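Trainee: The structure's right below; bear with me while I get my questions together.
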Amino acid sequence: MDSISSASVNLFPSLRNNEEDSKSSASLRRLRNAFGKMEEVDLSIPDGHVDLSTSSTEDAISLDSSLITEMAHNAVFEDGRFKYLRTYERLAAERGTKEMEMGNSIPLQTIELNDFEKFVKESALNDKIQGRVLAKLPRVQQKETILNVVKEQDLANDFYASGNEASDIKSRRPKPHKSEKEFASDVEDLYYASSKDRLHRKLSVRHLQMISLGGTIGVGLFLNSGKAINIAGGFGALLAFAIVGVVVLCTMMSFCEMVTFVSVIDGVSGLSSRFVDDAFGFATGWLYFLSFAFGVAGEVVAGVIMLSYFPQLKTTSNKGATTGFVFLFLGSIITSNIIDVRVFGEIEYVSSLIKLLWVVVMMIVMIVLNRGGFGGPALGFKYWEHSKSDFENNIIFGLFRPSFNLNDNGTNPPSDGIGGDAGRFLSLLTAVLVVCYAYSGTEIVCIAACEARNPRKALPSAMRRVFWRIVIFYCLSAFLVTLNIYAGDPRLLRYLSGKTGIDASEFPTNIAIQTVGGVHCSNDSSVFAGFGSGAQSPWIVALQSAGQCDFSTVTNVFLVFFAVSCGNAQLYVSSRTVYALALQGKAPRFLTYCNRNGIPYNAVMLAGAFGLLSFTCVSESATVVFQNLNSVIASSGIFVWFAMCLTFIRFYFGLQRRPDIMSRDDPSYPYKSPFQPYTAIIGTCATLFMVLAMGFVVFLKHEWNTLFFFSSYGPLMVFAVLYAGYRVIKGSTITSLDRLDFDSGRTEMDRYIWDGGTDYNHKSFKEVMRKWLSFLA
C-alpha cells in the first residue's frame, strides 16, 4: 500500500523485530488472530501524528463523502478483517486528500493505544465506513445487511449477563469520548436495523439446556415410537434410536459450531443464505417455519384427542368440550410466547424438568415391572428371545420381527411378509424413518441461542449434554420399554395405517393380548382421524398388561402435558424463524417489530394463527383434512438437518480459505466440533438418504398409496417450488467459498471477546460448581 506520508512508522514495529523470539507468546498469537495478516502491511502515519486516544482528535476524524461514493461504485476492496478501512486508506493515499494533509488519518496507528483499544477503534471505523458505503448502494445490492447490530453499550448489555463477567468486559473496553446522543448519531450511519427490531438476550445456560430437552421429549418418543417397535422389534427399535441419535449429534455439533462462531439471530435461514445460497436459505427457512407452525396445531390436536382416553370428557364426541380444551391449550401456548422471553425460558425450564423427572420415574417403573415387582412374572428378555414364542398362534418374539409386514396384526404368519436379511433391513430402515420424528426439534437449542446471554459459552455447554440425553432419555428408555411389551401387540400403532392392529372392540378376545397379560383397564383405545388416544403408547400398553391401570392413567395425563409443552417450543421456533426471514428481507418487514421486552409479537401472532387449525378437531372429517395437510410438511425437520450439515461443509472449507479471520485450531475459536468435516459429511449423506427414503414403502408391490407418497415427499416438492421461484424472481447465485461472509455478527462479538482464550473462558470455582449441579439436575 502506498505510504500516507513520507515519514513512515510501522503499526507494529516491535512485533516484527522480535517475531522469532516471541512465537511462543500467547499475547502475540492473540494479536495475530485479532488483526489477521495486518502485521505484514507497512502502514504509516503523518509526521506530526496526534494521539488519537484523546477525545478532541477522535471527534476531528471525518470521512470524505467523495471517497465513500468511489468505494461504493468503483473500488476494489482489500482483503482482511478491516477491508473497508484499508480500502479507504488506499484511496485516500492515492488522492492525497485534505484530511490526510491535515493529519486526520486513519487507521488509529498510535502506539499509545493498547492492542485491545486499537482493535475496538479500528472495528468501529471499519463498520462506520461499511455502513456509509452500503448506504450509497441501491437497496437490492445491500446483500450484507443480515444482522441487527446495536450500540456498543447495548452490545455489552445484550451479549452478557449482569454481573462480574459483564463488568469485567466493560472494564477492558475504552470509555467512549462522545456523548450518548453523538454516539447514537454515528450508529445511524451503520447498515444495521434499529433497536426496535432487536431480540433481547435474556436466556441463561440452564434455559438453553432445558429447552434443548423440552422441545424433543414428547408424543414422538412416548406414543409414535410404538410404530418403530411394531415394525422392527425391540432390538431393531433400539438400533434405530441409536442410528438416528448419531445423525442428530452430527447435525447438532455442526449447527452449534456455526451459530457459536458468528453468534447470529438469523438461524437456519440466515446461515443457509450466507454459506450456501440466498434461494437455498429462503426455501429452507420457509419450509422450517411451516413445519413448526403446523406442528403447533398438530400438538394441540394430539393433546385434545389424547384426552379421549377418559371417556367422561367426551373430547371426540362433544364439540363444546373439544373447543374448550383447544382454546385452553392454544391460549396457554400463545400467552407464554408473547410475554417476556425470560418467562418463556422459566416455563420451558420447569416443564422440561418435569419431563426429565417423569422419564426417570418411568424408566425405574419399567425396571421394577420387568423384575415382577408389581405382582406379575419376571419378564427378563422374554420378548427378545425367539425360543419363547408361541409358534402355534404366530406370536413370534425375537430381536427383530419375523418378517417385514406393513399389515401385520400381531398374529400373522411370517410368510405373509418379507423375511430374511432383506426383511430385517427394510424393518430397520422403516424404524429409522419413524424415530426421526421423535428427535425432531433437537436443534431448538441453536435457535434459542439468539436470545441467550453469553451465547459462546451457553450454546457449547448445552450442546455437550445432548449426547448424554440421547443415550439416557432415548436409547435407554427405548431399551427398557421394549423389554416389557410384545413388539407385535395389536394395541400398538401401525406404521402405514396409523391405527392399531385390530379394532379396539376385539382387544379382550385377542389371543396375542391375552398371551402378554390381557386387558385390565377400561379406557377409550380408539384412534380418531389418525390421532391416538394415548392408550397406544408402548409405555401404557406395558403398564396395562401388568394391571397398573391407575399408573397408566397418570401416564396419559403426562402425555397430554408433553404435547402442549412441545407445542409451546414449536411456536417459539416458528416465530423466531419467520422473524429471521423478515430481517433478511425474505418476509414482510412488519414481522421484525419487537415490543419493549424484545418479543417479535407480529411473528408470534402469525405463527400462532396456524394454531387455529387445531379447532378442526371438533369434526372428524375436518381433522382428517388437517392431518393430511400437516403430513405434507411433517418431515421438513429432517430436510433442515440435511441443510445444516451441507451449510457447515461450505462453512468449513470457506473458513480454510480465510486464514486472515481465524483458524479452527486457534485457542480463541469459540467451539470446535469433533471429527470435522467428516461429522458433517456423515450427517449430510445420512439425512439426504432419509429424505429420499421417507416414502419408499409405496414403491413396494401392492403398497401404492397416493396420499402417503405426497405426505412423504411433500417437503421436497415445497422446497423445489420455493427455491426455483426465488431463483427466478431474485436471480440469486451460489456464493463462492472465497466470498463467504464470516464477519457479520462475529466482529460485533469479537469486539468484546477478541481475547477469547483467557478472560472469556475463565471459570471460577462458583461457575464450576454451578455447572456440575446443573449437570446432575
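Quick note on naming: the chains in the C-alpha cells go A, B, ... in the order shown, residues restart at 1 in each chain, and ligands are numbered from 1 in order of appearance.
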Show me, as an NGL selection string, the residues that have an atom within 8 Å of Cys685 (chain A) when counting only C-alpha atoms, minus same-chain residues fewer than 4 positions from it.

Mentor: :A and (642 or 681 or 689)

Trainee: Filtering to C-alpha atoms, could you give me those residues as a PDB file, in the first residue's frame?

Mentor:
ATOM      1  CA  PHE A 642     -29.561 -32.005   5.782  1.00  0.00           C
ATOM      2  CA  ILE A 681     -20.396 -35.290   5.711  1.00  0.00           C
ATOM      3  CA  PHE A 689     -30.802 -40.723   2.356  1.00  0.00           C
TER       4      PHE A 689
END

Trainee: What's around region 302-312 of chain A at 7 Å? Count only C-alpha atoms, leave out sequence neighbours fewer than 6 positions away in its own chain, and write the answer as a list of chain:residue names.

Mentor: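 The residues satisfying every condition are A:Thr322, A:Phe325, A:Val326, A:Asn523, A:Asp524, A:Ser525, A:Phe531, A:Gly532, A:Ser533, A:Gly534, A:Ala535, A:Val560, A:Ala563, A:Val564.
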
Trainee: Select, from A:Ala431, A:Met363, A:Ala607, A:Met258, the residue with the minimum atom-to-atom distance to Leu238 (chain A), counting only C-alpha atoms.

Mentor: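 Closest residue, counting only C-alpha atoms: A:Ala431.
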
Trainee: Could you pull out all residues of region 438-619 of chain A with a DSSP call of strand (DSSP E or B) and give them as a list in words?

Mentor: Ala452, Leu493, Thr500, Phe528 and Phe531 of chain A

Trainee: At most 10 Å is the cut-off: for each residue in region 286-384 of chain A with any atom that close to an atom of region 580-597 of chain A, write down the nearest atom pair and the distance in Å rounded to one decimal, counting only C-alpha atoms, chain first then increasing number, as JSON lines.

Mentor:
{"residue": "A:Trp286", "atom": "CA", "partner": "A:Leu581", "partner_atom": "CA", "distance": 7.9}
{"residue": "A:Phe289", "atom": "CA", "partner": "A:Leu581", "partner_atom": "CA", "distance": 9.5}
{"residue": "A:Ile338", "atom": "CA", "partner": "A:Asn597", "partner_atom": "CA", "distance": 9.4}
{"residue": "A:Ile339", "atom": "CA", "partner": "A:Asn597", "partner_atom": "CA", "distance": 7.6}
{"residue": "A:Asp340", "atom": "CA", "partner": "A:Asn597", "partner_atom": "CA", "distance": 5.5}
{"residue": "A:Val341", "atom": "CA", "partner": "A:Asn597", "partner_atom": "CA", "distance": 7.5}
{"residue": "A:Arg342", "atom": "CA", "partner": "A:Asn597", "partner_atom": "CA", "distance": 9.3}

Trainee: Within 9 Å of Val432 (chain A), counting only C-alpha atoms, which residues qualify if same-chain residues fewer than 4 places away don't, as a list of chain:residue names?

Mentor: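 Within the cut-off, the hits are A:Ala228, A:Ala237, A:Leu239, A:Ala240, A:Phe241, A:Ile243, A:Val244, A:Ser427, A:Leu428, A:Cys436, A:Met690.
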
Trainee: Would you put the residues from that selection into a file with C-alpha atoms, as a compact mmCIF listing (two decimals), in the first residue's frame?

Mentor:
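Listed below is the output, selection-v3.txt:
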# COMPACT_ATOMS: atom_id res chain seq x y z
CA ALA A 228 -40.97 -48.43 15.25
CA ALA A 237 -36.20 -50.13 17.50
CA LEU A 239 -30.87 -49.79 16.99
CA ALA A 240 -32.96 -47.23 15.11
CA PHE A 241 -32.85 -44.84 18.08
CA ILE A 243 -28.57 -44.63 14.49
CA VAL A 244 -30.73 -41.53 14.37
CA SER A 427 -37.79 -53.13 9.03
CA LEU A 428 -34.79 -51.25 10.42
CA CYS A 436 -36.67 -39.32 13.17
CA MET A 690 -33.57 -40.42 4.96

Trainee: Residues at most 8 Å from Ser614 (chain A), counting only C-alpha atoms, excluding those fewer than 3 positions away in the same chain, as a list in words?

Mentor: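 Residues meeting the cut-off are Ala297, Gly298, Val300, Val301, Val326, Gly611 and Cys617 of chain A.
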
Trainee: Quick one: which region 274-327 of chain A residues come within 12 Å of region 643-646 of chain A, and what is the nearest atom pair for each with the distance in Å to one decimal, counting only C-alpha atoms, rows ordered by chain and ascending number, as a Markdown table?

Mentor:
| residue | atom | partner | partner_atom | distance |
| --- | --- | --- | --- | --- |
| A:Arg274 | CA | A:Met644 | CA | 11.8 |
| A:Phe275 | CA | A:Leu646 | CA | 9.2 |
| A:Val276 | CA | A:Leu646 | CA | 8.1 |
| A:Asp277 | CA | A:Ala643 | CA | 11.1 |
| A:Phe280 | CA | A:Ala643 | CA | 8.6 |
| A:Gly281 | CA | A:Ala643 | CA | 8.8 |
| A:Phe282 | CA | A:Ala643 | CA | 11.7 |
| A:Ala283 | CA | A:Ala643 | CA | 10.4 |
| A:Thr284 | CA | A:Ala643 | CA | 7.3 |
| A:Gly285 | CA | A:Ala643 | CA | 10.0 |
| A:Leu287 | CA | A:Ala643 | CA | 11.2 |
| A:Tyr288 | CA | A:Ala643 | CA | 10.6 |

Trainee: Write to file, as a compact mmCIF listing (two decimals), in the first residue's frame, the residues of the selection just made, with N, CA and C atoms.

Mentor:
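Result went into result26.txt, see below:
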# COMPACT_ATOMS: atom_id res chain seq x y z
N ARG A 274 -26.25 -17.39 3.92
CA ARG A 274 -24.90 -16.85 4.00
C ARG A 274 -23.87 -17.80 3.41
N PHE A 275 -23.97 -19.08 3.73
CA PHE A 275 -22.91 -20.02 3.36
C PHE A 275 -23.25 -20.91 2.17
N VAL A 276 -24.50 -20.90 1.71
CA VAL A 276 -24.85 -21.69 0.52
C VAL A 276 -25.38 -20.77 -0.57
N ASP A 277 -26.62 -20.28 -0.38
CA ASP A 277 -27.27 -19.51 -1.44
C ASP A 277 -28.49 -18.83 -0.85
N PHE A 280 -31.52 -20.92 -1.39
CA PHE A 280 -31.49 -22.09 -0.52
C PHE A 280 -31.94 -21.70 0.89
N GLY A 281 -31.45 -20.57 1.38
CA GLY A 281 -31.85 -20.11 2.71
C GLY A 281 -33.31 -19.72 2.76
N PHE A 282 -33.81 -19.10 1.69
CA PHE A 282 -35.22 -18.71 1.63
C PHE A 282 -36.11 -19.95 1.69
N ALA A 283 -35.83 -20.93 0.85
CA ALA A 283 -36.67 -22.13 0.81
C ALA A 283 -36.57 -22.93 2.10
N THR A 284 -35.36 -23.08 2.64
CA THR A 284 -35.17 -23.84 3.87
C THR A 284 -35.87 -23.15 5.04
N GLY A 285 -35.74 -21.82 5.11
CA GLY A 285 -36.35 -21.08 6.20
C GLY A 285 -37.87 -21.18 6.21
N LEU A 287 -39.71 -23.48 4.73
CA LEU A 287 -40.09 -24.87 4.98
C LEU A 287 -40.03 -25.18 6.47
N TYR A 288 -38.99 -24.69 7.10
CA TYR A 288 -38.83 -24.89 8.55
C TYR A 288 -39.95 -24.19 9.32

Trainee: Check the smallest atom-to-atom distance from each of A:Tyr579, A:Tyr349, A:Phe507, A:Tyr88 to Gly270 (chain A) using only C-alpha atoms, then report the winner.

Mentor: A:Tyr579

Trainee: Find the distance between CA of Lys83 (chain A) and CA of Asp127 (chain A) and write it in Å to one decimal.

Mentor: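 Those two atoms sit 10.0 Å apart.
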